[in-house]
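Here the structure is laid out as structure tokens; the discussion comes afterwards.
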Number of protein chains: 4
Amino acid sequence: MTLLDPLFGWEAVNSLFSDRRRIQGMLDFEGALARAEACVSVIPVAAADVIGAKCRAELFDIDSLARDAALAGNAAIPLVRHLTGLVGETDAEAARFVHWGATSQDAIDTGFILQLRDALDIIEPELARLADASADLARRYRAAPLAGRTWMQQALPLTLGLKFAGWLDAIDRHRERLAEARSRALVVQLGGAVGTLASLGERGIEVAEALGRELRLAVPATPWHSHRDRVGEIATVLGLVTGTLGKIAGDIALHMQTEVAEIFEPAAEGRGGSSTMPQKRNPVAAAVVLAAALRVPPLVGAMLAAMVQEQERGLGGWHAEWEVLPEILRLSAGALHHLTESVTGLEIDTEKMKENLDLTRGLIFAEAVQMVLGQKLGRLAAHDRVAAACKRALTEKQHLRDVLAGDTELAAHLRKAELDRLFDPVQYLGVTERLIDRVLEAHSRFGAATAQRRGEAGR
Amino acid sequence: MTLLDPLFGWEAVNSLFSDRRRIQGMLDFEGALARAEACVSVIPVAAADVIGAKCRAELFDIDSLARDAALAGNAAIPLVRHLTGLVGETDAEAARFVHWGATSQDAIDTGFILQLRDALDIIEPELARLADASADLARRYRAAPLAGRTWMQQALPLTLGLKFAGWLDAIDRHRERLAEARSRALVVQLGGAVGTLASLGERGIEVAEALGRELRLAVPATPWHSHRDRVGEIATVLGLVTGTLGKIAGDIALHMQTEVAEIFEPAAEGRGGSSTMPQKRNPVAAAVVLAAALRVPPLVGAMLAAMVQEQERGLGGWHAEWEVLPEILRLSAGALHHLTESVTGLEIDTEKMKENLDLTRGLIFAEAVQMVLGQKLGRLAAHDRVAAACKRALTEKQHLRDVLAGDTELAAHLRKAELDRLFDPVQYLGVTERLIDRVLEAHSRFGAATAQRRGEAGR
Amino acid sequence: MTLLDPLFGWEAVNSLFSDRRRIQGMLDFEGALARAEACVSVIPVAAADVIGAKCRAELFDIDSLARDAALAGNAAIPLVRHLTGLVGETDAEAARFVHWGATSQDAIDTGFILQLRDALDIIEPELARLADASADLARRYRAAPLAGRTWMQQALPLTLGLKFAGWLDAIDRHRERLAEARSRALVVQLGGAVGTLASLGERGIEVAEALGRELRLAVPATPWHSHRDRVGEIATVLGLVTGTLGKIAGDIALHMQTEVAEIFEPAAEGRGGSSTMPQKRNPVAAAVVLAAALRVPPLVGAMLAAMVQEQERGLGGWHAEWEVLPEILRLSAGALHHLTESVTGLEIDTEKMKENLDLTRGLIFAEAVQMVLGQKLGRLAAHDRVAAACKRALTEKQHLRDVLAGDTELAAHLRKAELDRLFDPVQYLGVTERLIDRVLEAHSRFGAATAQRRGEAGR
Amino acid sequence: MTLLDPLFGWEAVNSLFSDRRRIQGMLDFEGALARAEACVSVIPVAAADVIGAKCRAELFDIDSLARDAALAGNAAIPLVRHLTGLVGETDAEAARFVHWGATSQDAIDTGFILQLRDALDIIEPELARLADASADLARRYRAAPLAGRTWMQQALPLTLGLKFAGWLDAIDRHRERLAEARSRALVVQLGGAVGTLASLGERGIEVAEALGRELRLAVPATPWHSHRDRVGEIATVLGLVTGTLGKIAGDIALHMQTEVAEIFEPAAEGRGGSSTMPQKRNPVAAAVVLAAALRVPPLVGAMLAAMVQEQERGLGGWHAEWEVLPEILRLSAGALHHLTESVTGLEIDTEKMKENLDLTRGLIFAEAVQMVLGQKLGRLAAHDRVAAACKRALTEKQHLRDVLAGDTELAAHLRKAELDRLFDPVQYLGVTERLIDRVLEAHSRFGAATAQRRGEAGR
């Protein structure tokens, strides 16, 4: 654990991308490759057994691998050499069959895909948890009026539930994308030096199929050494997810401002305190998520730029992926987890929400007034008329309602009962609750479909 | 047309993102909105007719709109004002109903979605054309030996067909992604100021549904003013596509080098000439595509970073999209078209490919030798043995075959016939042709599925 | 003028990067090259005269050049051909000497440097105007108390003048950077095909020196065709400038929020109005600047990534610059101009600033209390004690002052007069005014030094 | 040391950005702050002594700080708390004065600036070493002919020395930039919570000045908590440096291709070997540097985007810097070191360089021919004539010289002696050697100026 890991990351996912796990991913490939080759009689079963027994990361010295990797240009080359040495100590015959027919990229890519699967198995349920938490909030606050804000200015009322429904709708779209990207990304890499599997003669495809069964990974039509769209897509989907997380976090921070004070991150001992201002309660989760929303997009750009990989294996582009994609996973998973923790414990001050709706002395209801007048005077005339009233309300620091009531010309159009109705936020919410229902229904359908798909997949 | 448009873009797509078309997109929204509202009796049919008649971009002065947009902060505000004026000249009553119930973002977003649909309707078939051209090449060169290169060094032989199959496989994955992203992105935006459709009272959803029918766009569960993953996803998929285009272009440029000279962009009068070096034939398409592969990834990053949009409408983030996403479309479509033109006319020198396979004096067959020896001596021992022979071949500028033939110890393991076989490229291609077949079969299935889906969609 | 140019850009700079100006830039190079070569007797003076007379952009058809550029791979190749044709119509002999000894990159790069100089000549004074406006504001509001905010929460008081001084200090640093980058970037490009000036024989350097005199540009030690740090640096400095502009714009938007309402962009007819909410006054300049602050950083990244240019001329990287750097100039200059307009007309509500300082019921003075108590109880004990009082003030919705006054234990330490002083914002401003003075003094020195440097440079 | 640190980084710089060093940086601030405050009698000297004695990173538990940092939102808050505890164990009175008057950002920023200074003290001499190595190579190969390549095609000859001079010239510009950025960036951060130094009363500036003396850092006019151009500039300059490193590495990889084989990275035991292809010698340093050239630009973009920091302290933007800037330093320093090692040991095959010049059967001399003919026939006519001859040479696979010699019309213009001269590369190098001299002279002047500046600075 490094100093900033718990702040920016999430231990459950961070730990998947440790050096130890990276090495184990490659060793899982090597062990499975040996078993697969034994299974289709390309190498002896006995050799596969010995090799498998040595494919344990704790048998390897990271510092030594690290130094050799700097010379070799990747970590798989020394790893295979060390593994061959280890196997050879036990069984010189078996040592002949270590890494048989594979190239270092096969080990690195497949090893990474295994780490990626583990990460997605943690991220996807967390995303579901965030969706469910948003759904709960959407239900709970479906009718709680709140000032809607555009251009960071109060615009019209909505309900807090609709805001949460917007979060939910976006998150469920991301879950769909992630499922699609997963199905394209979680595949074996096995091609040998240039993707022909030449050193396995006629047996290459059989070995690949057996390897896929060993690792429970699909086998692609052809190796993908220098075609990086599979891993690139994972990066982009996580980039999209992080964008939504950042949007949510930014909103929480805005609502949590001293002057707004409507929604708060959950309080906790030692959380969000300042070293010098005892009164402060800082939006710590928002800061972390917003940092991720700044950092992940350029990293996604790096993954896309790195797709220009030369010929049968990239020079530089492939290397760039090795730290960038884990970093995207670390940051997006960290942001997801910290935000989910925050969203599940949000503190909401509905009283303050109402107070804030009154801050503009009725100006927030100007559109409602304009729409009603529009039906009588035409949209544009109404717009100009109401704009004038608003200006007067602003200049004279009067309530818009009072300005309107005092306008004798408008008196014909707006009687007192109508004015009362116009300045009641719950009267100008349009189809807010029906929209919330639509989102919640889609969420239920999505949950049911996911459950069914998982049932069918038998996992 | 600007000076660099034909170079970097593709007229078919460039023209969709002209100012005129941007304005027409918004007007198409306004016209359809009026018809939809008339259809569900929210506004008079007569008003919708008058409004519809004025929704023609050529009636508007771009310079005037441009100046007003700078004050208003977006182009829809002055557009609606000008449209209202135009309608009012004909029918003051109808002018009341222009833009009824909508907000400027509704017009801008939906207008853009219409432009986007037109663009995808051009990009997707071009991507299919590139896939088909790659499939043709994969078939034609399935057995043509070529030096495979890793780290920009000759590694092992493959066939040129396998390289083309790799292109094809990646392109077909992108077609799948694009179809998925399309289905999520091509939706109506209609929410009114804060997404509640308040000014349409209880009729908001009916209007939205009618609008969707008018524009042949799906209606989302809820407006998505400040949730930008739909357009963000389009950006990311085009980013992935451009990455693959860049990979292909980079390979063409590498193969086209004076010293390699295996594959060439099609020649054409005035194409790729230099002002000072009459002998040159520059990879113009590759330059354009590689430029796009540098420019698009950061723009995708910009779209992702711009997703952090405040509350009910973003300040800055939304604005950033207006030029960035069209630029991504322009650059990726331009790169796609230029590369497709290049790939459909590639000139290939199979003789030079064979010559180059002999450049290393047999070293490219070292792995083949090593694999055969490996079965006799063990992988690692064979590796070291062959490495030593290679070193000698390099130092003494001998052919590896001759070095091996002169090694008395190895004579027992490698007889002449075996040596002949080992140094014949077509003998060390593993499952190359089967891999090509797998990709071609998947391409056929994909084509059939696409045709069926389109048939069902009735278009 | 395009639809969004006045919104995102600044006409004074936009116009410098039109197609017409791009062509004129290259023609200025060609004309000056001919004059320079005539001057050192490499070509006849008469030829230079004829060539110079044709180097006027209005004599060229942009559409035709655009189509040819797409084939040739850049715009200079067809431009030179068209220019040669034009000259030849007048004087076949002179036509022989068009573009003599140069390569297309010489024309494109030097032409761009001339456009860049014109742009910097506009941007630098505008940056000075923004600095001066900030200096005025810093002076004017040097003692106006304002709630300082960290983590988007009220923290401690400062004065508004200190905020403005912070802007000023950053802007003056950018002016320094821009001057340094300018001196490195504004140089001639002249190298011929591979940078040897081979076709000028022994005369290359003389020609380059004469060309530099013609264009008033420095002559670099050697051509820089594939070393792009000069233009890259301009991009990075504008990126830094835009970051600061975004910071300032973001602050204005935060201060302009309905609930904060302390600082406002200047009002203007038709400015920042909403199509549906007549009461709104949107921060239009802030939106534009924030959009630039999202868009420019990835473009700077693109310029840096594009620096990896192959051998003697880049394939793709160089091409990428042609639109990216003008776009950076357009966006940063637009942001600069819009923000300067905004800053020079800011409306400031010092009453509301004071009101907001009281929003926390005294909590914003907690640190002041803690510091005084710290001298008596120790920093940490004071921190805990004050934190407890703050908690109570929050929970019981009391003023912190009252909580403290009611704490009998603290009574010994904090008497009424001291409490009065502690809760007066002007009493807890530390060295605020001295810091403002330091910045203002540095600004004066910077202005004097700049004036002197300009005087010496005689421009 | 992590698995990929020696590959991508440079131990000398990596170690500066360990957790331990990050903590020590903050502790160095805290210790110096106490001493500075004692020096100006703000706190007791005895307290400063005790505090100073505890400011040793090894006294702190990283895991514990890490967990607390996740709650607090940054590492300084728990660090100060732990430090206060440690001091209090020894001297309760002294504990009162820990972190006196400072805010957590003061400790984090100044601590980082100290790490940055140490890093620059290592990077700048390494950059000088790369410059000197390039200068040596430029001298050594000043006259060695090499095919110049544009668009990745052979264009005209130059000398290898000119290529090296181009490297040198760019590197020396970076050294200049780094010196300028250094002088702006290496400053104290001390402002207290909102930059007013309020808790130090009237003594804030004196304390800051004393702190600057303690840490040998300049004191800025005003704190810069939310103005991040200083650190942003460091990022951009390193981005520019990395761009040049990538350009050089890319060139090496191109020259090292099997088919080109002109320039090679130094060979070393275990370096650049492949696990399956014993003949290969991979450009490992190039791969690492190219990976950095892909990764650093988006990180620079992230630093620029993160500059939009809210009010008196940023939410998210500041947090983003903490890992991004160290990563930029790690990657750029790693790339610099690996490339310097590579450049100082380059193996160069001047024979192969000559052979390659003959690959085009004389076409590479087409411009030389054209220039001579141009003086006789006019530039354009000569161009067309030579183009035709080139076409014939290509089609008929003849040497251009033979085609020209066989053209009776041209015989008048080109006699045998002239043809001999035209097809000798050393005859068409223009001012190559003078350009090399200009660069070398500038390098000498730069070195002398640097030495003098250092002498004056007395370090």
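Labels used: A, B, ... for chains in the order of the structure tokens, numbers from 1 for residues in each chain, and numbers from 1 for ligands as shown.
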Near chain A, 7 Å: chain D residue rows, closest pairs, only C-alpha atoms, as CSV:
residue,atom,partner,partner_atom,distance
D:Met1,CA,A:Asp63,CA,6.7
D:Thr2,CA,A:Asp19,CA,6.7
D:Leu3,CA,A:Ala66,CA,4.5
D:Leu4,CA,A:Ala66,CA,6.0
D:Pro6,CA,A:Ala70,CA,5.4
D:Leu7,CA,A:Ala70,CA,4.0
D:Asp19,CA,A:Leu3,CA,6.0
D:Ile62,CA,A:Leu3,CA,6.1
D:Asp63,CA,A:Met1,CA,6.8
D:Leu65,CA,A:Leu3,CA,6.9
D:Ala66,CA,A:Leu3,CA,4.5
D:Arg67,CA,A:Pro6,CA,6.1
D:Ala69,CA,A:Leu7,CA,6.4
D:Ala70,CA,A:Leu7,CA,4.0
D:Leu71,CA,A:Arg271,CA,4.4
D:Ala72,CA,A:Gly272,CA,4.8
D:Gly73,CA,A:Val284,CA,5.2
D:Ile77,CA,A:Ser275,CA,5.7
D:Thr103,CA,A:Thr276,CA,6.4
D:Ser104,CA,A:Ser275,CA,6.6
D:Ala193,CA,A:Thr276,CA,6.8
D:Gly270,CA,A:Leu71,CA,6.0
D:Arg271,CA,A:Leu71,CA,4.4
D:Gly272,CA,A:Ala72,CA,4.8
D:Gly273,CA,A:Ala72,CA,5.9
D:Ser275,CA,A:Ile77,CA,5.6
D:Thr276,CA,A:Thr103,CA,6.4
D:Val284,CA,A:Gly73,CA,5.2
D:Ala287,CA,A:Gly316,CA,4.3
D:Val288,CA,A:Gly316,CA,6.1
D:Leu290,CA,A:Gly316,CA,4.8
D:Ala291,CA,A:Gly316,CA,4.1
D:Leu294,CA,A:Ala302,CA,6.3
D:Arg295,CA,A:Ala302,CA,5.9
D:Pro298,CA,A:Pro298,CA,4.8
D:Leu299,CA,A:Pro298,CA,6.5
D:Gly301,CA,A:Pro298,CA,6.9
D:Ala302,CA,A:Arg295,CA,5.9
D:Ala306,CA,A:Leu294,CA,6.7
D:Leu315,CA,A:Ala287,CA,5.0
D:Gly316,CA,A:Ala291,CA,4.1
D:Gly317,CA,A:Ala291,CA,5.8
D:His319,CA,A:Ala291,CA,5.9
D:Ala320,CA,A:Ala291,CA,4.7
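Around Arg203 in chain B, within 10 Å and counting only C-alpha atoms, the residues found are Gly430 and Val431 of chain A; Glu37, Val40, Ser41, Val42 and Leu197 of chain B, once anything fewer than 6 positions away on its own chain is removed.
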Take the residues from that selection and write them out as a PDB file, in the first residue's frame, keeping all heavy atoms.
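Below you can see result29.pdb, which holds the result:
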ATOM      1  N   GLY A 430     -44.097  19.725 -14.081  1.00  0.00           N
ATOM      2  CA  GLY A 430     -44.326  19.001 -15.325  1.00  0.00           C
ATOM      3  C   GLY A 430     -44.487  17.512 -15.093  1.00  0.00           C
ATOM      4  O   GLY A 430     -45.248  17.082 -14.228  1.00  0.00           O
ATOM      5  N   VAL A 431     -43.726  16.727 -15.849  1.00  0.00           N
ATOM      6  CA  VAL A 431     -43.851  15.270 -15.773  1.00  0.00           C
ATOM      7  C   VAL A 431     -42.731  14.654 -14.945  1.00  0.00           C
ATOM      8  O   VAL A 431     -42.359  13.497 -15.137  1.00  0.00           O
ATOM      9  CB  VAL A 431     -43.848  14.666 -17.196  1.00  0.00           C
ATOM     10  CG1 VAL A 431     -45.161  14.986 -17.892  1.00  0.00           C
ATOM     11  CG2 VAL A 431     -42.660  15.187 -18.005  1.00  0.00           C
TER      12      VAL A 431
ATOM     13  N   GLU B  37     -46.304  18.778 -31.437  1.00  0.00           N
ATOM     14  CA  GLU B  37     -47.218  19.420 -30.494  1.00  0.00           C
ATOM     15  C   GLU B  37     -48.591  19.619 -31.118  1.00  0.00           C
ATOM     16  O   GLU B  37     -49.615  19.533 -30.428  1.00  0.00           O
ATOM     17  CB  GLU B  37     -46.620  20.746 -30.012  1.00  0.00           C
ATOM     18  CG  GLU B  37     -45.394  20.492 -29.117  1.00  0.00           C
ATOM     19  CD  GLU B  37     -44.648  21.740 -28.667  1.00  0.00           C
ATOM     20  OE1 GLU B  37     -44.726  22.762 -29.381  1.00  0.00           O
ATOM     21  OE2 GLU B  37     -43.986  21.681 -27.616  1.00  0.00           O
ATOM     22  N   VAL B  40     -50.449  16.247 -30.988  1.00  0.00           N
ATOM     23  CA  VAL B  40     -51.085  15.890 -29.708  1.00  0.00           C
ATOM     24  C   VAL B  40     -51.873  17.078 -29.158  1.00  0.00           C
ATOM     25  O   VAL B  40     -52.188  17.125 -27.957  1.00  0.00           O
ATOM     26  CB  VAL B  40     -50.051  15.381 -28.671  1.00  0.00           C
ATOM     27  CG1 VAL B  40     -49.330  14.145 -29.200  1.00  0.00           C
ATOM     28  CG2 VAL B  40     -49.046  16.463 -28.316  1.00  0.00           C
ATOM     29  N   SER B  41     -52.192  18.016 -30.073  1.00  0.00           N
ATOM     30  CA  SER B  41     -53.097  19.120 -29.743  1.00  0.00           C
ATOM     31  C   SER B  41     -52.605  20.064 -28.659  1.00  0.00           C
ATOM     32  O   SER B  41     -53.398  20.655 -27.927  1.00  0.00           O
ATOM     33  CB  SER B  41     -54.478  18.570 -29.348  1.00  0.00           C
ATOM     34  OG  SER B  41     -54.965  17.722 -30.352  1.00  0.00           O
ATOM     35  N   VAL B  42     -51.302  20.211 -28.562  1.00  0.00           N
ATOM     36  CA  VAL B  42     -50.772  21.184 -27.610  1.00  0.00           C
ATOM     37  C   VAL B  42     -50.718  22.575 -28.252  1.00  0.00           C
ATOM     38  O   VAL B  42     -50.879  23.589 -27.575  1.00  0.00           O
ATOM     39  CB  VAL B  42     -49.386  20.724 -27.092  1.00  0.00           C
ATOM     40  CG1 VAL B  42     -48.636  21.860 -26.419  1.00  0.00           C
ATOM     41  CG2 VAL B  42     -49.566  19.562 -26.125  1.00  0.00           C
ATOM     42  N   LEU B 197     -39.853  19.244 -18.287  1.00  0.00           N
ATOM     43  CA  LEU B 197     -40.864  19.561 -19.301  1.00  0.00           C
ATOM     44  C   LEU B 197     -42.031  20.329 -18.676  1.00  0.00           C
ATOM     45  O   LEU B 197     -43.193  20.197 -19.115  1.00  0.00           O
ATOM     46  CB  LEU B 197     -41.360  18.268 -19.977  1.00  0.00           C
ATOM     47  CG  LEU B 197     -40.334  17.669 -20.966  1.00  0.00           C
ATOM     48  CD1 LEU B 197     -40.708  16.253 -21.347  1.00  0.00           C
ATOM     49  CD2 LEU B 197     -40.241  18.546 -22.212  1.00  0.00           C
TER      50      LEU B 197
END
When you look at Ser332 in chain B with a cut-off of 8 Å (counting only C-alpha atoms), what residues show up, excluding the ones that are within fewer than 3 positions of it in the same chain? I need them as a ChimeraX atom specification. /B:9,238-239,241-242,292,296,328-329,335-336
Suppose you want the space between CA of Val98 in chain B and CA of Gly85 in chain B; what is it in Å? 9.7 Å
Spatial neighbours of Thr110 in chain B, 12 Å, only C-alpha atoms, chain gap at least 4 places, as a PyMOL selection string: chain B and resi 22-33+76+102-106+114-117+185-191+208+211-212+215-219+223-225+231
Using N, CA and C atoms, can you export the residues from the last selection as a compact mmCIF listing (two decimals), in the first residue's frame?
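Once everything was written out, this is result.txt:
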# COMPACT_ATOMS: atom_id res chain seq x y z
N ARG B 22 -25.71 22.73 -39.38
CA ARG B 22 -25.93 22.84 -37.93
C ARG B 22 -27.22 23.61 -37.67
N ILE B 23 -27.38 24.69 -38.41
CA ILE B 23 -28.61 25.47 -38.25
C ILE B 23 -29.82 24.66 -38.69
N GLN B 24 -29.67 23.95 -39.81
CA GLN B 24 -30.80 23.15 -40.28
C GLN B 24 -31.16 22.06 -39.28
N GLY B 25 -30.15 21.50 -38.61
CA GLY B 25 -30.44 20.49 -37.59
C GLY B 25 -31.35 21.06 -36.51
N MET B 26 -31.00 22.25 -36.04
CA MET B 26 -31.83 22.87 -34.99
C MET B 26 -33.22 23.20 -35.54
N LEU B 27 -33.27 23.64 -36.78
CA LEU B 27 -34.57 23.98 -37.37
C LEU B 27 -35.40 22.72 -37.60
N ASP B 28 -34.75 21.63 -37.95
CA ASP B 28 -35.49 20.37 -38.08
C ASP B 28 -36.14 20.00 -36.75
N PHE B 29 -35.38 20.25 -35.68
CA PHE B 29 -35.96 20.03 -34.35
C PHE B 29 -37.17 20.93 -34.14
N GLU B 30 -37.01 22.22 -34.44
CA GLU B 30 -38.11 23.16 -34.16
C GLU B 30 -39.34 22.82 -35.00
N GLY B 31 -39.13 22.49 -36.25
CA GLY B 31 -40.25 22.14 -37.11
C GLY B 31 -40.95 20.88 -36.61
N ALA B 32 -40.16 19.88 -36.27
CA ALA B 32 -40.73 18.62 -35.82
C ALA B 32 -41.43 18.81 -34.48
N LEU B 33 -40.86 19.64 -33.62
CA LEU B 33 -41.49 19.91 -32.33
C LEU B 33 -42.87 20.51 -32.53
N ALA B 76 -28.70 28.64 -30.33
CA ALA B 76 -30.14 28.36 -30.39
C ALA B 76 -30.95 29.56 -29.93
N ALA B 102 -39.79 24.09 -25.06
CA ALA B 102 -38.42 23.58 -25.18
C ALA B 102 -37.41 24.56 -24.62
N THR B 103 -36.20 24.10 -24.46
CA THR B 103 -35.10 24.96 -24.07
C THR B 103 -34.04 24.91 -25.17
N SER B 104 -33.14 25.87 -25.15
CA SER B 104 -32.18 25.91 -26.25
C SER B 104 -31.37 24.63 -26.34
N GLN B 105 -31.08 23.99 -25.22
CA GLN B 105 -30.31 22.75 -25.30
C GLN B 105 -31.07 21.66 -26.02
N ASP B 106 -32.39 21.67 -25.91
CA ASP B 106 -33.17 20.67 -26.63
C ASP B 106 -32.93 20.79 -28.14
N LEU B 114 -29.33 14.62 -35.08
CA LEU B 114 -29.73 14.41 -36.48
C LEU B 114 -28.52 14.48 -37.41
N GLN B 115 -27.63 15.43 -37.17
CA GLN B 115 -26.40 15.49 -37.97
C GLN B 115 -25.58 14.21 -37.77
N LEU B 116 -25.54 13.79 -36.52
CA LEU B 116 -24.76 12.60 -36.20
C LEU B 116 -25.31 11.38 -36.93
N ARG B 117 -26.65 11.26 -36.97
CA ARG B 117 -27.24 10.11 -37.67
C ARG B 117 -26.84 10.11 -39.14
N ALA B 185 -27.15 6.36 -28.73
CA ALA B 185 -26.96 7.80 -28.93
C ALA B 185 -28.08 8.47 -29.72
N LEU B 186 -28.69 7.73 -30.62
CA LEU B 186 -29.65 8.40 -31.51
C LEU B 186 -31.01 8.53 -30.84
N VAL B 187 -31.08 9.42 -29.90
CA VAL B 187 -32.32 9.64 -29.14
C VAL B 187 -32.64 11.14 -29.11
N VAL B 188 -33.90 11.42 -28.91
CA VAL B 188 -34.40 12.79 -28.76
C VAL B 188 -33.84 13.43 -27.50
N GLN B 189 -33.61 14.71 -27.54
CA GLN B 189 -33.40 15.49 -26.31
C GLN B 189 -34.59 16.43 -26.19
N LEU B 190 -35.37 16.28 -25.14
CA LEU B 190 -36.47 17.23 -24.90
C LEU B 190 -36.75 17.25 -23.41
N GLY B 191 -36.44 18.36 -22.79
CA GLY B 191 -36.62 18.40 -21.35
C GLY B 191 -37.10 19.74 -20.82
N ALA B 208 -42.93 14.38 -26.36
CA ALA B 208 -41.63 13.75 -26.64
C ALA B 208 -41.81 12.52 -27.54
N LEU B 211 -42.55 13.65 -30.98
CA LEU B 211 -41.34 14.20 -31.58
C LEU B 211 -40.42 13.08 -32.06
N GLY B 212 -40.31 12.06 -31.25
CA GLY B 212 -39.50 10.90 -31.63
C GLY B 212 -40.01 10.29 -32.94
N LEU B 215 -39.09 12.50 -35.92
CA LEU B 215 -37.67 12.53 -36.28
C LEU B 215 -37.08 11.13 -36.43
N ARG B 216 -37.92 10.11 -36.25
CA ARG B 216 -37.44 8.72 -36.26
C ARG B 216 -36.25 8.54 -35.30
N LEU B 217 -36.44 9.05 -34.09
CA LEU B 217 -35.44 8.89 -33.03
C LEU B 217 -36.12 8.25 -31.84
N ALA B 218 -35.39 7.41 -31.12
CA ALA B 218 -35.94 6.84 -29.89
C ALA B 218 -36.10 7.94 -28.85
N VAL B 219 -36.98 7.68 -27.89
CA VAL B 219 -37.21 8.63 -26.80
C VAL B 219 -36.62 8.02 -25.53
N PRO B 223 -34.80 13.14 -19.97
CA PRO B 223 -33.83 14.00 -20.67
C PRO B 223 -32.42 13.78 -20.12
N TRP B 224 -31.44 14.16 -20.91
CA TRP B 224 -30.04 13.85 -20.58
C TRP B 224 -29.16 15.09 -20.73
N HIS B 225 -29.74 16.25 -20.36
CA HIS B 225 -29.02 17.51 -20.57
C HIS B 225 -27.60 17.51 -20.03
N VAL B 231 -23.20 10.97 -26.24
CA VAL B 231 -22.31 11.55 -27.25
C VAL B 231 -20.86 11.22 -26.94
Residue set, range 47-245 of chain B restricted to helix (DSSP H, G or I), as a PyMOL selection string: chain B and resi 47-54+57-59+62-72+76-90+92-95+104-140+160-185+198-215+229-245
I'd like the neighbourhood of range 130-134 of chain C as a ChimeraX atom specification, where a residue qualifies if any of its atoms comes within 7 Å (using only C-alpha atoms), though same-chain residues fewer than 4 positions away should be ignored. /C:126,138,164-165,167-168,171-172,340,343-344
Check range 145-274 of chain B with DSSP on the backbone and list each residue it calls strand (DSSP E), as a PyMOL selection string. chain B and resi 145-150+153-159+263-264
Same residues, C-alpha atoms, saved as a compact mmCIF listing (two decimals), in the first residue's frame:
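File out10.txt, as written:
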# COMPACT_ATOMS: atom_id res chain seq x y z
CA PRO B 145 5.11 -15.06 -47.44
CA LEU B 146 6.23 -11.89 -45.73
CA ALA B 147 8.67 -11.13 -42.97
CA GLY B 148 6.78 -10.61 -39.74
CA ARG B 149 8.30 -7.79 -37.73
CA THR B 150 8.28 -7.18 -34.01
CA GLN B 153 12.88 -6.01 -36.48
CA GLN B 154 12.34 -9.02 -38.69
CA ALA B 155 11.11 -11.83 -36.47
CA LEU B 156 9.45 -14.76 -38.27
CA PRO B 157 7.61 -15.21 -41.54
CA LEU B 158 3.86 -14.93 -41.80
CA THR B 159 1.71 -14.35 -44.85
CA ILE B 263 3.43 -2.38 -50.15
CA PHE B 264 2.56 0.96 -51.74
Residues at most 10 Å from Thr360 in chain D, counting only C-alpha atoms, excluding those fewer than 6 positions away in the same chain, as a list in words? Thr258, Glu259 and Gln279 of chain B; Gln154, Ala155, Cys390, Ala393, Leu394, Lys397, Gln398, His399 and Leu400 of chain D
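The spacing separating CA of Glu262 in chain A from CA of Glu396 in chain C amounts to 17.8 Å.
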So, with only C-alpha atoms as the atoms that count, which of C:Leu331, C:Ala381, C:Leu410, C:Ala221 lies closest to Arg438 in chain D? C:Ala221
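Around Glu176 in chain D, within 12 Å and counting only C-alpha atoms, the residues found are C:Glu180, C:Ala181, C:Ser183, C:Arg184, D:Glu124, D:Leu127, D:Ala128, D:Asp169, D:Ala170, D:Ile171, D:Asp172, D:Arg173, D:His174, D:Leu178, D:Ala179, D:Glu180, D:Ala181, D:Arg182, D:Ser183, D:Val237, D:Val241, D:His443, D:Phe446, D:Gly447, D:Ala449, D:Thr450, once anything fewer than 2 positions away on its own chain is removed.
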